[in-house]
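Source file: data.cif. Holds: mmCIF, all heavy atoms.
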data_upload
loop_
_atom_site.label_atom_id
_atom_site.label_comp_id
_atom_site.auth_asym_id
_atom_site.auth_seq_id
_atom_site.Cartn_x
_atom_site.Cartn_y
_atom_site.Cartn_z
N MET A 1 0.85 -1.17 0.00
CA MET A 1 0.00 0.00 0.00
C MET A 1 0.90 1.24 0.00
O MET A 1 1.92 1.28 0.66
CB MET A 1 -0.92 -0.02 1.22
CG MET A 1 -2.03 0.97 1.12
SD MET A 1 -3.46 0.70 2.19
CE MET A 1 -2.79 0.70 3.80
N ASN A 2 0.47 2.24 -0.73
CA ASN A 2 1.21 3.49 -0.85
C ASN A 2 0.62 4.53 0.12
O ASN A 2 -0.41 5.12 -0.16
CB ASN A 2 1.11 3.97 -2.31
CG ASN A 2 1.95 5.17 -2.58
OD1 ASN A 2 2.73 5.61 -1.76
ND2 ASN A 2 1.78 5.72 -3.76
N TYR A 3 1.27 4.74 1.27
CA TYR A 3 0.75 5.62 2.31
C TYR A 3 1.06 7.08 2.00
O TYR A 3 2.18 7.43 1.65
CB TYR A 3 1.36 5.27 3.67
CG TYR A 3 0.92 3.94 4.20
CD1 TYR A 3 1.73 2.82 4.08
CD2 TYR A 3 -0.31 3.79 4.81
CE1 TYR A 3 1.33 1.59 4.56
CE2 TYR A 3 -0.73 2.57 5.29
CZ TYR A 3 0.10 1.47 5.17
OH TYR A 3 -0.31 0.25 5.64
N GLN A 4 0.03 7.93 2.12
CA GLN A 4 0.16 9.38 1.97
C GLN A 4 -0.83 10.04 2.94
O GLN A 4 -1.82 9.42 3.31
CB GLN A 4 -0.19 9.82 0.54
CG GLN A 4 0.77 9.33 -0.51
CD GLN A 4 2.13 9.99 -0.40
OE1 GLN A 4 2.22 11.17 -0.05
NE2 GLN A 4 3.17 9.24 -0.67
N PRO A 5 -0.59 11.28 3.33
CA PRO A 5 -1.54 11.96 4.22
C PRO A 5 -2.90 12.13 3.55
O PRO A 5 -2.99 12.39 2.35
CB PRO A 5 -0.90 13.33 4.46
CG PRO A 5 0.52 13.19 4.06
CD PRO A 5 0.57 12.10 3.05
N GLU A 6 -3.94 11.95 4.33
CA GLU A 6 -5.30 12.15 3.83
C GLU A 6 -5.61 13.64 3.87
O GLU A 6 -5.30 14.33 4.83
CB GLU A 6 -6.28 11.39 4.72
CG GLU A 6 -7.70 11.44 4.26
CD GLU A 6 -8.60 10.60 5.13
OE1 GLU A 6 -8.94 11.05 6.23
OE2 GLU A 6 -8.94 9.49 4.72
N ARG A 7 -6.23 14.16 2.80
CA ARG A 7 -6.62 15.57 2.73
C ARG A 7 -8.11 15.63 2.41
O ARG A 7 -8.60 14.90 1.56
CB ARG A 7 -5.83 16.31 1.67
CG ARG A 7 -4.35 16.38 1.97
CD ARG A 7 -3.59 17.16 0.93
NE ARG A 7 -3.75 16.51 -0.37
CZ ARG A 7 -3.78 17.15 -1.54
NH1 ARG A 7 -3.65 18.44 -1.58
NH2 ARG A 7 -3.91 16.49 -2.66
N ILE A 8 -8.82 16.55 3.09
CA ILE A 8 -10.26 16.68 2.90
C ILE A 8 -10.61 18.16 2.74
O ILE A 8 -10.15 19.01 3.51
CB ILE A 8 -11.04 16.11 4.10
CG1 ILE A 8 -10.72 14.63 4.28
CG2 ILE A 8 -12.54 16.32 3.90
CD1 ILE A 8 -11.32 14.01 5.51
N LEU A 9 -11.42 18.44 1.73
CA LEU A 9 -11.98 19.77 1.53
C LEU A 9 -13.49 19.63 1.66
O LEU A 9 -14.09 18.76 1.02
CB LEU A 9 -11.62 20.30 0.14
CG LEU A 9 -12.21 21.65 -0.24
CD1 LEU A 9 -11.65 22.76 0.65
CD2 LEU A 9 -11.93 21.94 -1.70
N GLU A 10 -14.10 20.46 2.52
CA GLU A 10 -15.53 20.33 2.78
C GLU A 10 -16.22 21.67 2.65
O GLU A 10 -15.69 22.70 3.07
CB GLU A 10 -15.76 19.78 4.19
CG GLU A 10 -17.20 19.59 4.56
CD GLU A 10 -17.39 18.97 5.92
OE1 GLU A 10 -16.46 18.97 6.73
OE2 GLU A 10 -18.50 18.49 6.16
N ALA A 11 -17.41 21.66 2.05
CA ALA A 11 -18.26 22.84 1.97
C ALA A 11 -19.68 22.43 2.31
O ALA A 11 -20.14 21.36 1.89
CB ALA A 11 -18.21 23.43 0.57
N TYR A 12 -20.36 23.26 3.11
CA TYR A 12 -21.74 22.94 3.47
C TYR A 12 -22.55 24.21 3.62
O TYR A 12 -22.01 25.31 3.77
CB TYR A 12 -21.81 22.10 4.74
CG TYR A 12 -21.44 22.84 6.00
CD1 TYR A 12 -22.40 23.46 6.78
CD2 TYR A 12 -20.12 22.93 6.40
CE1 TYR A 12 -22.06 24.15 7.93
CE2 TYR A 12 -19.77 23.61 7.55
CZ TYR A 12 -20.74 24.20 8.30
OH TYR A 12 -20.40 24.88 9.43
N TYR A 13 -23.87 24.04 3.56
CA TYR A 13 -24.77 25.15 3.80
C TYR A 13 -25.96 24.62 4.58
O TYR A 13 -26.47 23.54 4.29
CB TYR A 13 -25.24 25.78 2.49
CG TYR A 13 -25.96 27.08 2.72
CD1 TYR A 13 -25.25 28.25 2.96
CD2 TYR A 13 -27.35 27.14 2.72
CE1 TYR A 13 -25.90 29.44 3.20
CE2 TYR A 13 -28.01 28.33 2.96
CZ TYR A 13 -27.28 29.48 3.20
OH TYR A 13 -27.92 30.66 3.44
N ASN A 14 -26.42 25.39 5.55
CA ASN A 14 -27.55 25.01 6.38
C ASN A 14 -28.75 25.88 6.03
O ASN A 14 -28.70 27.10 6.16
CB ASN A 14 -27.17 25.17 7.86
CG ASN A 14 -28.22 24.62 8.78
OD1 ASN A 14 -28.97 23.73 8.41
ND2 ASN A 14 -28.27 25.15 9.98
N PHE A 15 -29.84 25.25 5.58
CA PHE A 15 -31.07 25.95 5.25
C PHE A 15 -32.04 25.82 6.42
O PHE A 15 -32.39 24.70 6.81
CB PHE A 15 -31.75 25.32 4.02
CG PHE A 15 -30.90 25.30 2.80
CD1 PHE A 15 -30.20 24.15 2.45
CD2 PHE A 15 -30.82 26.40 1.97
CE1 PHE A 15 -29.42 24.10 1.33
CE2 PHE A 15 -30.05 26.37 0.84
CZ PHE A 15 -29.34 25.23 0.51
N SER A 16 -32.46 26.93 6.98
CA SER A 16 -33.46 26.90 8.04
C SER A 16 -34.83 26.94 7.38
O SER A 16 -35.24 27.94 6.80
CB SER A 16 -33.27 28.10 8.97
OG SER A 16 -34.24 28.06 9.99
N LEU A 17 -35.56 25.83 7.45
CA LEU A 17 -36.86 25.74 6.80
C LEU A 17 -37.96 26.39 7.63
O LEU A 17 -38.84 27.05 7.09
CB LEU A 17 -37.19 24.27 6.51
CG LEU A 17 -36.17 23.54 5.63
CD1 LEU A 17 -36.52 22.08 5.51
CD2 LEU A 17 -36.08 24.19 4.25
N ARG A 18 -37.91 26.19 8.93
CA ARG A 18 -38.78 26.84 9.90
C ARG A 18 -38.23 26.53 11.29
O ARG A 18 -37.25 25.80 11.41
CB ARG A 18 -40.23 26.41 9.75
CG ARG A 18 -40.47 24.94 10.01
CD ARG A 18 -41.94 24.62 9.93
NE ARG A 18 -42.11 23.25 10.36
CZ ARG A 18 -42.90 22.38 9.80
NH1 ARG A 18 -43.63 22.74 8.78
NH2 ARG A 18 -42.99 21.17 10.25
N LYS A 19 -38.86 27.06 12.32
CA LYS A 19 -38.35 26.84 13.67
C LYS A 19 -38.35 25.34 13.99
O LYS A 19 -39.37 24.66 13.86
CB LYS A 19 -39.20 27.58 14.69
CG LYS A 19 -38.66 27.48 16.08
CD LYS A 19 -39.45 28.29 17.06
CE LYS A 19 -38.84 28.15 18.44
NZ LYS A 19 -39.56 28.93 19.42
N GLY A 20 -37.19 24.80 14.36
CA GLY A 20 -37.06 23.40 14.71
C GLY A 20 -36.84 22.47 13.53
O GLY A 20 -36.83 21.26 13.70
N LEU A 21 -36.67 23.00 12.32
CA LEU A 21 -36.48 22.16 11.14
C LEU A 21 -35.42 22.79 10.22
O LEU A 21 -35.55 23.94 9.82
CB LEU A 21 -37.79 22.00 10.38
CG LEU A 21 -37.81 21.06 9.19
CD1 LEU A 21 -37.49 19.63 9.64
CD2 LEU A 21 -39.16 21.10 8.51
N ALA A 22 -34.37 22.03 9.93
CA ALA A 22 -33.28 22.54 9.09
C ALA A 22 -32.81 21.45 8.14
O ALA A 22 -32.84 20.26 8.45
CB ALA A 22 -32.12 23.01 9.95
N LEU A 23 -32.37 21.87 6.96
CA LEU A 23 -31.84 20.98 5.95
C LEU A 23 -30.42 21.44 5.62
O LEU A 23 -30.20 22.63 5.38
CB LEU A 23 -32.70 21.00 4.69
CG LEU A 23 -32.29 20.12 3.54
CD1 LEU A 23 -32.46 18.64 3.93
CD2 LEU A 23 -33.11 20.43 2.31
N SER A 24 -29.46 20.51 5.63
CA SER A 24 -28.07 20.85 5.32
C SER A 24 -27.61 20.10 4.08
O SER A 24 -27.89 18.91 3.93
CB SER A 24 -27.14 20.45 6.48
OG SER A 24 -27.48 21.15 7.63
N ALA A 25 -26.91 20.81 3.21
CA ALA A 25 -26.27 20.21 2.05
C ALA A 25 -24.76 20.24 2.29
O ALA A 25 -24.22 21.25 2.74
CB ALA A 25 -26.61 20.98 0.79
N ASP A 26 -24.08 19.14 2.00
CA ASP A 26 -22.67 19.00 2.32
C ASP A 26 -21.96 18.28 1.17
O ASP A 26 -22.46 17.29 0.66
CB ASP A 26 -22.53 18.19 3.61
CG ASP A 26 -21.12 18.08 4.13
OD1 ASP A 26 -20.22 18.72 3.57
OD2 ASP A 26 -20.91 17.34 5.11
N VAL A 27 -20.79 18.80 0.77
CA VAL A 27 -19.97 18.16 -0.25
C VAL A 27 -18.55 18.04 0.30
O VAL A 27 -18.01 19.00 0.84
CB VAL A 27 -19.95 18.98 -1.56
CG1 VAL A 27 -19.03 18.34 -2.58
CG2 VAL A 27 -21.35 19.13 -2.12
N GLN A 28 -17.96 16.84 0.17
CA GLN A 28 -16.59 16.61 0.62
C GLN A 28 -15.77 16.03 -0.53
O GLN A 28 -16.23 15.14 -1.24
CB GLN A 28 -16.56 15.61 1.77
CG GLN A 28 -17.26 16.06 3.01
CD GLN A 28 -17.24 15.01 4.09
OE1 GLN A 28 -16.73 13.91 3.92
NE2 GLN A 28 -17.83 15.34 5.22
N ARG A 29 -14.57 16.54 -0.70
CA ARG A 29 -13.61 16.00 -1.67
C ARG A 29 -12.47 15.42 -0.84
O ARG A 29 -11.86 16.13 -0.03
CB ARG A 29 -13.12 17.11 -2.57
CG ARG A 29 -12.11 16.72 -3.58
CD ARG A 29 -12.74 15.99 -4.73
NE ARG A 29 -11.73 15.84 -5.76
CZ ARG A 29 -11.98 15.41 -6.95
NH1 ARG A 29 -13.19 15.11 -7.29
NH2 ARG A 29 -11.02 15.28 -7.81
N ILE A 30 -12.19 14.12 -1.01
CA ILE A 30 -11.18 13.43 -0.19
C ILE A 30 -10.07 12.90 -1.09
O ILE A 30 -10.33 12.12 -2.01
CB ILE A 30 -11.82 12.27 0.61
CG1 ILE A 30 -13.00 12.78 1.43
CG2 ILE A 30 -10.78 11.60 1.50
CD1 ILE A 30 -13.84 11.68 2.05
N TRP A 31 -8.85 13.32 -0.81
CA TRP A 31 -7.67 12.81 -1.51
C TRP A 31 -6.99 11.80 -0.61
O TRP A 31 -6.87 12.03 0.59
CB TRP A 31 -6.69 13.94 -1.84
CG TRP A 31 -7.18 14.87 -2.89
CD1 TRP A 31 -6.99 14.77 -4.23
CD2 TRP A 31 -7.94 16.07 -2.68
NE1 TRP A 31 -7.59 15.83 -4.87
CE2 TRP A 31 -8.18 16.64 -3.94
CE3 TRP A 31 -8.45 16.70 -1.56
CZ2 TRP A 31 -8.89 17.81 -4.10
CZ3 TRP A 31 -9.18 17.86 -1.71
CH2 TRP A 31 -9.38 18.40 -2.98
N ASN A 32 -6.54 10.70 -1.15
CA ASN A 32 -5.87 9.62 -0.41
C ASN A 32 -6.75 9.08 0.73
O ASN A 32 -6.34 9.08 1.89
CB ASN A 32 -4.52 10.07 0.15
CG ASN A 32 -3.63 10.67 -0.90
OD1 ASN A 32 -3.67 10.26 -2.05
ND2 ASN A 32 -2.86 11.66 -0.53
N PRO A 33 -7.97 8.63 0.41
CA PRO A 33 -8.84 8.13 1.49
C PRO A 33 -8.20 6.96 2.24
O PRO A 33 -7.55 6.11 1.64
CB PRO A 33 -10.11 7.69 0.75
CG PRO A 33 -9.72 7.54 -0.67
CD PRO A 33 -8.55 8.44 -0.90
N ALA A 34 -8.37 6.97 3.55
CA ALA A 34 -7.78 5.95 4.44
C ALA A 34 -6.26 5.90 4.30
O ALA A 34 -5.65 4.85 4.47
CB ALA A 34 -8.40 4.59 4.20
N TYR A 35 -5.64 7.04 3.99
CA TYR A 35 -4.19 7.19 3.86
C TYR A 35 -3.59 6.33 2.74
O TYR A 35 -2.41 6.03 2.75
CB TYR A 35 -3.49 6.90 5.20
CG TYR A 35 -4.00 7.78 6.30
CD1 TYR A 35 -4.91 7.30 7.23
CD2 TYR A 35 -3.58 9.10 6.39
CE1 TYR A 35 -5.40 8.13 8.23
CE2 TYR A 35 -4.06 9.93 7.38
CZ TYR A 35 -4.96 9.43 8.30
OH TYR A 35 -5.43 10.25 9.29
N ASN A 36 -4.40 5.93 1.76
CA ASN A 36 -3.95 5.09 0.66
C ASN A 36 -3.92 5.92 -0.62
O ASN A 36 -4.96 6.25 -1.19
CB ASN A 36 -4.90 3.89 0.51
CG ASN A 36 -4.42 2.90 -0.51
OD1 ASN A 36 -3.46 3.14 -1.24
ND2 ASN A 36 -5.09 1.77 -0.59
N ALA A 37 -2.73 6.26 -1.11
CA ALA A 37 -2.59 7.09 -2.30
C ALA A 37 -2.98 6.36 -3.58
O ALA A 37 -3.15 6.97 -4.62
CB ALA A 37 -1.16 7.60 -2.41
N ASP A 38 -3.15 5.04 -3.51
CA ASP A 38 -3.57 4.28 -4.69
C ASP A 38 -5.07 4.40 -4.94
O ASP A 38 -5.56 3.96 -5.97
CB ASP A 38 -3.21 2.80 -4.52
CG ASP A 38 -1.70 2.60 -4.44
OD1 ASP A 38 -0.97 3.41 -5.06
OD2 ASP A 38 -1.27 1.68 -3.75
N ARG A 39 -5.81 5.00 -4.01
CA ARG A 39 -7.24 5.21 -4.15
C ARG A 39 -7.55 6.69 -4.28
O ARG A 39 -6.78 7.54 -3.88
CB ARG A 39 -7.99 4.67 -2.92
CG ARG A 39 -7.89 3.22 -2.76
CD ARG A 39 -8.76 2.80 -1.61
NE ARG A 39 -8.67 1.36 -1.41
CZ ARG A 39 -9.19 0.72 -0.41
NH1 ARG A 39 -9.84 1.39 0.52
NH2 ARG A 39 -9.07 -0.57 -0.30
N GLY A 40 -8.75 6.96 -4.79
CA GLY A 40 -9.26 8.33 -4.79
C GLY A 40 -8.76 9.15 -5.94
O GLY A 40 -8.11 8.63 -6.82
N PRO A 41 -9.08 10.38 -5.99
CA PRO A 41 -9.88 11.12 -5.02
C PRO A 41 -11.35 10.70 -5.04
O PRO A 41 -11.84 10.15 -6.01
CB PRO A 41 -9.71 12.57 -5.44
CG PRO A 41 -9.37 12.51 -6.88
CD PRO A 41 -8.66 11.22 -7.10
N VAL A 42 -12.05 10.97 -3.95
CA VAL A 42 -13.45 10.59 -3.77
C VAL A 42 -14.27 11.85 -3.55
O VAL A 42 -13.86 12.75 -2.81
CB VAL A 42 -13.60 9.64 -2.56
CG1 VAL A 42 -15.05 9.30 -2.31
CG2 VAL A 42 -12.77 8.40 -2.75
N LEU A 43 -15.44 11.91 -4.16
CA LEU A 43 -16.39 13.01 -3.94
C LEU A 43 -17.60 12.45 -3.21
O LEU A 43 -18.22 11.48 -3.66
CB LEU A 43 -16.82 13.62 -5.27
CG LEU A 43 -17.74 14.82 -5.19
CD1 LEU A 43 -17.05 15.99 -4.52
CD2 LEU A 43 -18.21 15.21 -6.57
N VAL A 44 -17.94 13.05 -2.06
CA VAL A 44 -19.06 12.60 -1.24
C VAL A 44 -20.05 13.76 -1.12
O VAL A 44 -19.67 14.86 -0.74
CB VAL A 44 -18.59 12.17 0.17
CG1 VAL A 44 -19.76 11.73 1.02
CG2 VAL A 44 -17.54 11.08 0.07
N ALA A 45 -21.32 13.51 -1.45
CA ALA A 45 -22.37 14.52 -1.32
C ALA A 45 -23.43 14.01 -0.35
O ALA A 45 -23.82 12.84 -0.40
CB ALA A 45 -22.99 14.81 -2.67
N LEU A 46 -23.88 14.89 0.55
CA LEU A 46 -24.83 14.50 1.59
C LEU A 46 -25.95 15.53 1.74
O LEU A 46 -25.74 16.72 1.51
CB LEU A 46 -24.12 14.41 2.95
CG LEU A 46 -22.95 13.46 3.06
CD1 LEU A 46 -22.14 13.77 4.31
CD2 LEU A 46 -23.46 12.04 3.13
N LEU A 47 -27.10 15.04 2.16
CA LEU A 47 -28.20 15.89 2.61
C LEU A 47 -28.57 15.43 4.02
O LEU A 47 -28.69 14.23 4.27
CB LEU A 47 -29.43 15.75 1.71
CG LEU A 47 -29.41 16.49 0.40
CD1 LEU A 47 -30.65 16.14 -0.41
CD2 LEU A 47 -29.32 17.98 0.62
N ARG A 48 -28.74 16.38 4.92
CA ARG A 48 -29.11 16.05 6.30
C ARG A 48 -30.35 16.83 6.70
O ARG A 48 -30.47 18.02 6.39
CB ARG A 48 -27.99 16.43 7.26
CG ARG A 48 -26.72 15.68 7.06
CD ARG A 48 -25.68 16.11 8.09
NE ARG A 48 -24.40 15.58 7.71
CZ ARG A 48 -23.28 16.27 7.71
NH1 ARG A 48 -23.29 17.52 8.07
NH2 ARG A 48 -22.15 15.70 7.35
N LEU A 49 -31.23 16.17 7.38
CA LEU A 49 -32.43 16.80 7.91
C LEU A 49 -32.35 16.78 9.43
O LEU A 49 -32.16 15.73 10.03
CB LEU A 49 -33.69 16.07 7.44
CG LEU A 49 -35.03 16.66 7.87
CD1 LEU A 49 -35.20 18.05 7.27
CD2 LEU A 49 -36.15 15.74 7.45
N HIS A 50 -32.48 17.95 10.04
CA HIS A 50 -32.39 18.05 11.51
C HIS A 50 -33.73 18.57 12.03
O HIS A 50 -34.23 19.60 11.57
CB HIS A 50 -31.28 19.04 11.90
CG HIS A 50 -31.18 19.25 13.37
ND1 HIS A 50 -30.48 18.41 14.20
CD2 HIS A 50 -31.70 20.21 14.16
CE1 HIS A 50 -30.58 18.85 15.44
NE2 HIS A 50 -31.31 19.94 15.43
N THR A 51 -34.30 17.85 12.98
CA THR A 51 -35.55 18.29 13.60
C THR A 51 -35.38 18.39 15.11
O THR A 51 -34.57 17.70 15.70
CB THR A 51 -36.71 17.31 13.30
OG1 THR A 51 -36.37 16.03 13.83
CG2 THR A 51 -36.96 17.18 11.83
N GLU A 52 -36.13 19.28 15.70
CA GLU A 52 -36.15 19.44 17.16
C GLU A 52 -37.59 19.40 17.63
O GLU A 52 -38.48 19.95 16.98
CB GLU A 52 -35.52 20.78 17.56
CG GLU A 52 -34.04 20.85 17.25
CD GLU A 52 -33.44 22.17 17.69
OE1 GLU A 52 -34.09 22.90 18.47
OE2 GLU A 52 -32.33 22.46 17.24
N PHE A 53 -37.80 18.75 18.76
CA PHE A 53 -39.15 18.64 19.32
C PHE A 53 -39.28 19.51 20.53
O PHE A 53 -38.43 19.67 21.31
CB PHE A 53 -39.43 17.19 19.74
CG PHE A 53 -39.38 16.23 18.58
CD1 PHE A 53 -38.18 15.62 18.22
CD2 PHE A 53 -40.52 15.94 17.86
CE1 PHE A 53 -38.12 14.73 17.18
CE2 PHE A 53 -40.47 15.06 16.81
CZ PHE A 53 -39.28 14.45 16.46
#
Once you've parsed the file, please lay out its structure as structure tokens.
Amino acid sequence: MNYQPERILEAYYNFSLRKGLALSADVQRIWNPAYNADRGPVLVALLRLHTEF
């Protein structure tokens, strides 16, 4: 395995839909995932829903 430092660039935005409800969009770019330079880069996109009662 070819070991190299893992590097991550992340950008996100939090949308407040109403009181107690929020939606977040997140994008991550990962170079050398799991410290393995033979893999990647990887692009990960996420949506998160947060609720409060």
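The interatomic distance for the pair CA of Arg48 in chain A and CA of Gln28 in chain A works out to 13.8 Å.
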Report task. Please provide the set of residues having any atom within 3.5 Å of range 14-24 of chain A, restricted to all heavy atoms, with same-chain residues fewer than 6 positions apart removed, written as a PyMOL selection string. Result -> chain A and resi 47-52
Query raised in the report: Using all atoms listed in the file, can you list as a ChimeraX atom specification the residues within 4 Å of (-8.5, 13.0, 2.7)?
Result: /A:6-8,30-31
Query - 4 Å contact set for Ala25 in chain A, all atoms listed in the file, chain neighbours under 5 positions out, as a PyMOL selection string - result: chain A and resi 12-13+46
Requested in this report: Grab the atom N of Asn36 in chain A to atom O of Leu9 in chain A distance for me, in Å with one decimal place.
Outcome: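 Going from atom N of Asn36 in chain A over to atom O of Leu9 in chain A, I get 16.1 Å.
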Query raised in the report: So how far away is atom N of Met1 in chain A from OD1 of Asn32 in chain A, in Å?
Result: 12.5 Å
Requested in this report: List the residues matched by the PyMOL selection byres (((chain A and resi 38 and name CA) around 12) and name CA) in the displayed structure as a VMD selection string, ordered by chain and then by residue number.
Outcome: chain A and resid 1 to 6 31 to 37 39 to 42
Listed atoms of range 15-18 of chain A, axis-aligned box, 8 Å per side: centre and edge lengths to one decimal in Å, as JSON?
{"center_x": -36.5, "center_y": 24.6, "center_z": 6.0, "size_x": 30.3, "size_y": 22.9, "size_z": 26.9}
Report task. Could you give me the residues within chain A that DSSP places in strand (DSSP E), as a PyMOL selection string? Result -> chain A and resi 7-18+21-31+42-51
